[in-house]
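To start, the structure itself, in structure tokens.
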Amino acid sequence: MRVALVHYHLQSGGVTRIICHVQRALRRRGITSVVLTGKPPSFQLDGSFRVVPGLQYEADRPRLNPDELVALMRREATEALGGAPDLWHVHNHSLGKSLLLPVALRQLAEEGEHLLFHIHDFAEDGRPANYQAMLERMAGGRGDVLTGLLYPQGQHLHYAVLNTRDFRYLREAGLDESQLHLLPNPVDLGPAEGGQSAPMGKPPLWLYPTRAIRRKNLGEFLLWSALTTRETLFATTSGPENPLEQPRYRRWRQVAAELGLPVRFELVGSNGHGFIDLLRMADVAMTTSVAEGFGMAFLEPWIVDTPVCGRDLQEVTAQFAGDGLRLPGCYERLEVPLDWVGEARVHGAALKGLERNLAAYGRKPGPGDLERVLAAWVRDGRIDFGRLDEAMQEQVLTRVVRHQAQAGLISPDKVPEPEILAQPLEENRRILQERYSLARYGERLESVYRQVAGAMVTPCDRLNGEVLLDRFLAPERLILLRVD
């Protein structure tokens with residue numbers, strides 16, 4: 001079997017890691033693959049690749065038409081594989097990073113090529129600028145045309161997703177389950193970068209293994225540093241790379257310094273420590289993210305004997321629980337008294353956020369939408385801290401630091417001790433090694449490939465894009481940290 005993997009780049013990031021895992025898994029199973037990428041990788045790739053500049057992000061790629069990109073992709077894949085691909089495994093084609101790639105892929109689909117669309121993230125889910133650019137410049141403002149380009153349907157066109165939420169949404173949008181595959185990411189950290197295994201010393205280290213972008217909810221992480229009465233060092237691994245993220249990030253760093261919080265930032269590289277080494281050193285790995293595509297932060301630390309605690313995201317963790325994984329230190333809501341930020345202020349922020357979020361996708365609030373937002377946010381006079389914007393979060397954090405006696409009004413106001421968090425360590429590690437190993441991933445992937453490559457070629461239809469928007473824009477899902 002010959003497989004062409006397609007992605008915009010091979011720079012550092014989650015999707016690149018998965019592509020590397022894919023190549024390793026395929027090689028072990030005797031499947032030939034090549035990665036077609038927009039520019040050379042930023043590291044030594046353990047596999048074959050070819051550069052097709054037309055695959056780069058929209059701002060960087062050369063001006064090509066779809067026919068030219070299709071011809072280049074076919075030529076490079078065929079030369080590298082020694083023959084035409086049996087299937088094309090394309091990553092995140094519909095995210096809006098390129099206005100050319102979806103059109104070229106639709107052309108490949110109509111010409112009878114077998115494709116697996118591997119969706120890690122959706123433009124419909126918190127990326128309105130990407131969605132609007134595609135709608136206006138690819139589809140002339142017509143949603144049905146855009147859906148036909150982003151989500152073509154045919155027996156020879158299959159989709160892979162990371163979680164049960166996305167699986168359900170695509171199915172409800174009209175995708176036949178025979179063409180839809182749940183493909184959880186493998187959990188494979190490999191060797192430690194620097195061989196560090198000794199703890200960093202006391203106080204205990206509670207590590208947020210993240211690049212601190214906005215949806216990672218850094219304010220909540222700082223709140224936990226203020227709530228914890230025992231001597232503990234809180235730290236993050238990396239800062240954001242996107243310049244648009246920098247002002248908010250700098251403000252949180254300033255707040256942490258002004259309030260004297262026991263927090264350090266960007267430990268990766270500090271004293272020669274790498275990401276995996278820091279995970280090994282940490283007493284606890286913490287996550288306060290409000291949105292994830294897969295949720296690797298809930299899984300990877302267990303592999304190196306580090307327990308996990310923090311905000312539970314049922315949209316992604318439900319499948320982990322179904323596999324038997326236990327997360328005793330995770331909570332679904334972090335509730336603070338509503339009157340700490342003011343009911344009128346919260347209602348105003350909810351309405352403004354709802355209107356802005358929907359307007360970005362060409363929609364307006366319907367009857368009862370605001371009530372649905374508030375019902376999800378507020379319960380019994382308390383509001384979930386993760387739904388607040390940065391200004392309100394900073395107000396709560398400052399209040400807790402300056403009036404420690406009021407910390408008990410937050411629920412939960414503490415997380416279990418590390419010893420309790422670590423109780424499922426052995427069982428969780430066993431489950432991950434059995435169900436999320438690279439070998440298991442390779443088995444799943446080959447099974448999917450054989451279904452895709454063996455499928456009958458049929459005329460192309462499209463999914464119902466309005467259903468996808470309905471699901472992702474449901475008022476209950478509104479989070480101010482995801483609204484521009």
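Identifiers in the structure tokens: chain A, B, ... in order shown; residue index from 1 per chain; ligand index from 1 in order shown.
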DSSP strand (DSSP E) residues within region 15-170 of chain A, as number ranges by chain: A: 32-37, 49-51, 87-91, 115-119, 152-153, 157-161
All residues 10 Å or closer to Leu388 (chain A), only C-alpha atoms, same chain fewer than 2 positions away omitted, as number ranges by chain: A: 217, 219, 341, 346, 349-350, 377, 383-386, 390-394, 396, 479-481
Distance query region 104-115 of chain A at most 8 Å, only C-alpha atoms, self and fewer than 6 positions along chain excluded, as a ChimeraX atom specification: /A:66-67,69-70,86-90,149-150,152,156-158,452-453,455,457-460
Using only C-alpha atoms, what does the table of region 132-220 of chain A residues within 9 Å of region 116-125 of chain A look like, with each row giving the shortest atom pair and its distance in Å to one decimal, sorted by chain and ascending number, as CSV?
residue,atom,partner,partner_atom,distance
A:Tyr151,CA,A:Phe117,CA,8.8
A:His156,CA,A:Leu116,CA,8.6
A:Leu157,CA,A:Leu116,CA,6.1
A:His158,CA,A:Leu116,CA,4.8
A:Tyr159,CA,A:Phe117,CA,4.7
A:Ala160,CA,A:His118,CA,4.7
A:Val161,CA,A:Ile119,CA,5.4
A:Leu162,CA,A:His120,CA,6.4
A:Asp166,CA,A:Ile119,CA,8.9
A:Leu183,CA,A:His118,CA,8.9
Distance in Å - CA of Thr237 (chain A) versus CA of Arg402 (chain A): 27.4 Å
Every residue of region 398-475 of chain A that DSSP places in helix (DSSP H, G or I), as a VMD selection string: chain A and resid 398 to 402 404 to 409 418 to 421 425 to 435 438 to 453 465 to 472 475
Non-local contacts of region 62-65 of chain A (12 Å; only C-alpha atoms; under 3 positions in same chain excluded) as number ranges by chain: A: 38-39, 52-59, 68-72, 98-104, 107
Spatial neighbours of region 287-290 of chain A, max dist 6 Å, only C-alpha atoms, sep filter under 5 positions, as a ChimeraX atom specification: /A:208,215-217,310-311
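Here CA of Pro328 (chain A) is placed at a distance of 18.6 Å from CA of Leu227 (chain A).
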